[in-house]
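Q: Dumping the structure here so I can ask a few things about it.
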Amino acid sequence: MYMTQPPRYGTPARTSWFGRIAGGLFFVALLFAVTLFSAPSVVQAQGVGALTLSEAENQDWQSTARRAELALEAGRASDRVLDGLRAELVDWREVFVKAQGSHGQRIANLQSQLAVLGPMPEDGSESAEISAQRKDLTDRLAQLRAPVVAAESAASRASGLIAEIDTELRNRQADALVAIGPSPLNPVDWGEGLAELKDAVAVPLQEVRINLGNELRLFQFRQNLLAIIPLGLLGLILLARGRGWAAEAMARLRTYLQRDQVTPRVIASTEILTFLVSLSKVILPLIGLILLTQALLVSGLLGLRGEALVAQVPLWGGTLLIVVWLCDKLFADPPAPAVFEVDASRRGSLRRIGGGLAGAVVLAQIGADFEALSGLDEVAGVLLSFPLMVLSSLALMRLGRLVRALVMPGLLALDTDEAAPLRLRAVVLLARGAMVVAVLAPLLAAIGYRNAAEALIYPAIYTVGLLAALFATQHLGTMIYALFSTRDDPEEALVPALVGVALAVLALPVLALIWGMRVTDLTEMWGQFMAGITLGDTRISPRDFIAFAMLFAIGYVITRMVQGALKTSVLPKTRLDQGGQTAVVSGVGYLGITIAALVAITGAGLNLSSIAIVAGALSVGIGFGLQTIVSNFVSGIILLVERPISEGDWIEVGGQMGYVRDISVRATRIETFDRTDVIVPNADLVSGTVTNYTRGNTVGRLIVSVGVAYGTDTRKVEKILSDVAEAHPMVLANPAPAVLFQGFGADALDFEIRAILRDVNWMLSVRSDMNHAIAERFTAEGIEIPFAQRDIWLRNPEALQPQDSQAKASQPQEAPSVEERNIDRDD
């Protein structure tokens, strides 16, 4: 005799897994929207009047709390009863939380008045008037805080009871997982179990036979034939031809959209539209199933159990259709782009395995629903669920092996010192996990741990389905981004990656529901998250943070719009130079961002006075660590206000020379003549020596040095150089250029041309032009430009000669002959 079967954890017999996933998605979205936009915040609650309970309400609260305490003490209440008590406690806790914010403004006013009076003197020297005022304020404060304290106590009691109920339910789930039941491999139980299964299957068939023999039922059936026949025919047509029509519509749409030039944007728009049209592969057959189901239900011949089972057909069929559609999108054949690029020989296998996996899960769901409707005992339920679980495990094992076979060649192709990509390692790990679950779940079920087996195999399969849906959704997001982007590789952009991260975060609650977490646990965690954290006397919640971010974003956008209007429309019409316009635009930006931050903090209801001491202590430490950054920031403000340099100025600082291209808060960017950027901290520009060649105007002096050979007429040289300088168009006539005879150099007579240029930025070009003109004039006038020459005299040259050479030189030589002298003379 086996123990009584406890409530099963994670079994399809208890509820539809597909319904839990869909309900979880809807619940999470609805909870977020209601909590964010409808739930009153702490600041809003402060303006609500005191929420006092009437005598009847107080009795209801005490009764609810007492019933919960008794149910927990007894430990015999069902899960449904505990869930109902928990829901009531949650409602009461919300009432008490709202009551905690009552009279908030008045309490704050009384506390501020008491703070003004200061502490009571220890020697009792306080005047009677002040003492009476202090007593009156204290009494009024205690009176106002009484309902608040009572609400805090009641809310704490409700929270404690909710936590106890959650603990009890979680313990029951854990006990159900390790509960052992009959083994499906025990031949002793086969006769009894199979007999009960046979009887359970015969019941709906018997109900149909009885209805066929009932004249009233047959009369109603004939009366409804006008509705049954159209519903059935239309349902059969949609079920048989719906997917084909959808595929034909997709092909025609693709051909029409790509009839002309095929561009990346056209491809993206085509994929988006075909993605949406492909949903008809699910919608049309599902409508056909719904129509067929309605035709069978309208007939009135099925009986109670038959109608209950047939009513679930759209859910079963919808699950199968969605999975087949996902497989088509993930492993599509050309020309449709696939989410995963695999070999053509593998695509069909993957689609078939995905469809088989969905079929196995649907069969398991059918068996679970049949078990729940028929009220099968534990032995019959195990005999029914075990073959379906084995079928699901085989499909999951095959999928894991195929995925691993697809990924492993990529890992083996990597070098020994090359790290494997995270994506490949994650896929291999998931494939191995799926194979382990596919082996472990049937073994547990064969031993008798049916609940633990079902808590492994079916959540693993639904997790695979959830991942497939996430990949398909991210692919759609990538196509939408490609439609508005000019990038050739939108898959590698940041936006699709962020979309993938957001989808993964949103899928976490659904994943938690799949693996057995209760909806109430999620709501409790969400409530704690939305309550935020407390810093001092200030509570900062995600709602406050979102409000701060939205207000700051609005202020930031307005600031940028004002800056753009000033830069393009207003300032160009003024007499300010370019540097002054840049300074005004930057100042408006800093001021606007500061105002936006202050407005966002105030609008979000953040009271930072309570953490002012902590912020002050942190600011001291940060000040020592960031004093250089602060110094550069202040220097940047000084540069924008005093404007010793402006964008476009030609400056020299720290040995670097170039044009100022940008003045930011921390540093200034200088573009050198080599077209390289030099980042100079603003503090160096304020405290150091800076040469600004174009401050105020672009007029500047040019000096050209020239040397001529000794013996040249200096006045003639002076006249030539003066003519060259005056002839250049960039040289100002007033003051006139000057030619100076600098002195007598070691190798030449030194002259200088000193001229004032209209635009000093052209200094190098003017110098080059003058040098060309001087060379031409000197050549024409026969004036020599000398270059350095040196004569080297050796004091004892014989010391540098070898000894053999010296010996030969010391020997007497014969006098040359007449012919040799004549040859030397000719040479």
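Numbering starts fresh at 1 for the residues of each chain in the structure tokens, the chains themselves are lettered A, B, ... in the order given, and ligands are numbered from 1 as they appear.
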Compile the contact shell of segment 279-292 of chain A as a list in words: residues with an atom at most 8 Å away, counting only C-alpha atoms, same-chain residues fewer than 4 positions apart removed.
A: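 So the residues in contact are Leu231, Gly232, Leu234, Gly235, Leu236, Ile237, Leu238, Leu239, Ala240, Arg241, Gly242, Arg243, Gly244, Ala246, Ala247, Phe275, Leu296, Val313, Pro314, Gly317, Gly318, Leu321, Ile322 and Trp325 of chain A.
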Q: As a list of chain:residue names, please: every residue in segment 332-556 of chain A that DSSP puts in strand (DSSP E or B).
A: A:Ile533, A:Thr534, A:Leu535, A:Thr538, A:Arg539, A:Ile540
Q: Would you kindly return, as a short mmCIF file (atom, residue, chain, number, x, y, z; two decimals) with C-alpha atoms, in the first residue's frame, each protein, DNA or RNA residue with an atom no farther than 9 Å from any atom of Arg661 of chain A, considering only C-alpha atoms and excluding same-chain residues fewer than 5 positions away?
A:
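Here's the written file around.cif:
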```cif
data_model
loop_
_atom_site.label_atom_id
_atom_site.label_comp_id
_atom_site.auth_asym_id
_atom_site.auth_seq_id
_atom_site.Cartn_x
_atom_site.Cartn_y
_atom_site.Cartn_z
CA SER A 646 39.36 80.34 -28.05
CA GLU A 647 38.66 77.66 -30.56
CA GLY A 648 40.66 78.33 -33.71
CA ASP A 649 43.49 80.22 -31.95
CA THR A 668 41.67 71.31 -24.26
CA ARG A 669 42.41 69.61 -27.55
CA ILE A 670 45.13 71.15 -29.75
CA GLU A 671 45.71 70.07 -33.34
CA ASP A 677 45.89 65.90 -31.43
#
```
Q: Running DSSP on the backbone, which parts of segment 546-791 of chain A land in helix (DSSP H, G or I), as a ChimeraX atom specification?
A: /A:546-573,578-603,609-625,627-642,682-687,714-727,760-781
Q: Which residues are near Ala597 of chain A? Cut-off 9 Å, only C-alpha atoms, ignore same chain within fewer than 3 positions. Put them as a list in words.
A: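 Non-adjacent residues within range: Phe548, Leu551, Phe552, Gly555, Tyr556, Gly592, Ile593, Thr594, Ala600, Ile601 and Thr602 of chain A.
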Q: Pull C-alpha atoms from the residues just selected and write them as an mmCIF file, in the first residue's frame.
A:
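Result went into out.cif, see below:
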```cif
data_model
loop_
_atom_site.group_PDB
_atom_site.id
_atom_site.type_symbol
_atom_site.label_atom_id
_atom_site.label_comp_id
_atom_site.auth_asym_id
_atom_site.auth_seq_id
_atom_site.Cartn_x
_atom_site.Cartn_y
_atom_site.Cartn_z
ATOM 1 C CA PHE A 548 14.582 61.181 -11.789
ATOM 2 C CA LEU A 551 12.965 64.407 -15.653
ATOM 3 C CA PHE A 552 16.710 64.661 -16.145
ATOM 4 C CA GLY A 555 15.897 68.672 -19.044
ATOM 5 C CA TYR A 556 18.931 67.420 -20.925
ATOM 6 C CA GLY A 592 21.085 73.632 -18.114
ATOM 7 C CA ILE A 593 22.443 70.280 -16.951
ATOM 8 C CA THR A 594 22.789 71.591 -13.393
ATOM 9 C CA ALA A 600 14.934 65.930 -11.334
ATOM 10 C CA ILE A 601 15.965 65.487 -7.701
ATOM 11 C CA THR A 602 13.136 67.731 -6.494
#
```
Q: So which residues touch Phe778 of chain A within 12 Å, counting only C-alpha atoms, skipping near sequence neighbours fewer than 2 positions away, as a count of residues only?
A: 26
Q: Could you name the residues that touch segment 583-587 of chain A at 12 Å or less, counting only C-alpha atoms, but leaving out those on the same chain fewer than 2 positions away, as an MDAnalysis selection string?
A: chainID A and resid 559:572 574 576:581 589:594 636:647 662:665
Q: In Å to one decimal, how far is atom CA of Arg351 of chain A from atom CA of Ala426 of chain A?
A: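 Between these atoms lies a distance of 21.3 Å.
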Q: Can you pull out the residues contacting segment 63-66 of chain A? Cut-off 8 Å, using only C-alpha atoms, and skip same-chain residues under 4 positions away; I want them as a VMD selection string.
A: chain A and resid 59 70 85 88 to 89 158 161
Q: Nearest to Val428 of chain A: which of A:Met408, A:Met479, A:Leu503, A:Ala441 is it, counting only C-alpha atoms?
A: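 So, comparing all the options, the nearest one is A:Met408.
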Q: Which residues of segment 314-356 of chain A have any atom within 9 Å of an atom in segment 380-395 of chain A when counting only C-alpha atoms, and what is the closest pair of atoms for each, with the distance in Å to one decimal? Order the rows by chain and rising number and write it as JSON lines.
A:
```
{"residue": "A:Ile353", "atom": "CA", "partner": "A:Ala395", "partner_atom": "CA", "distance": 6.6}
{"residue": "A:Gly354", "atom": "CA", "partner": "A:Ala395", "partner_atom": "CA", "distance": 8.2}
{"residue": "A:Gly356", "atom": "CA", "partner": "A:Ala395", "partner_atom": "CA", "distance": 6.5}
```
Q: Return the single residue from A:Arg172, A:Ser127, A:Ile366, A:Arg157 that is closest to Gly75 of chain A, with distances computed using only C-alpha atoms.
A: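 Counting only C-alpha atoms, the residue closest to Gly75 of chain A is A:Arg172.
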Q: Atom CA of Phe673 of chain A to atom CA of Met657 of chain A: how many Å, to one decimal?
A: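 Taking atom CA of Phe673 of chain A as the start and atom CA of Met657 of chain A as the end point, the length is 7.6 Å.
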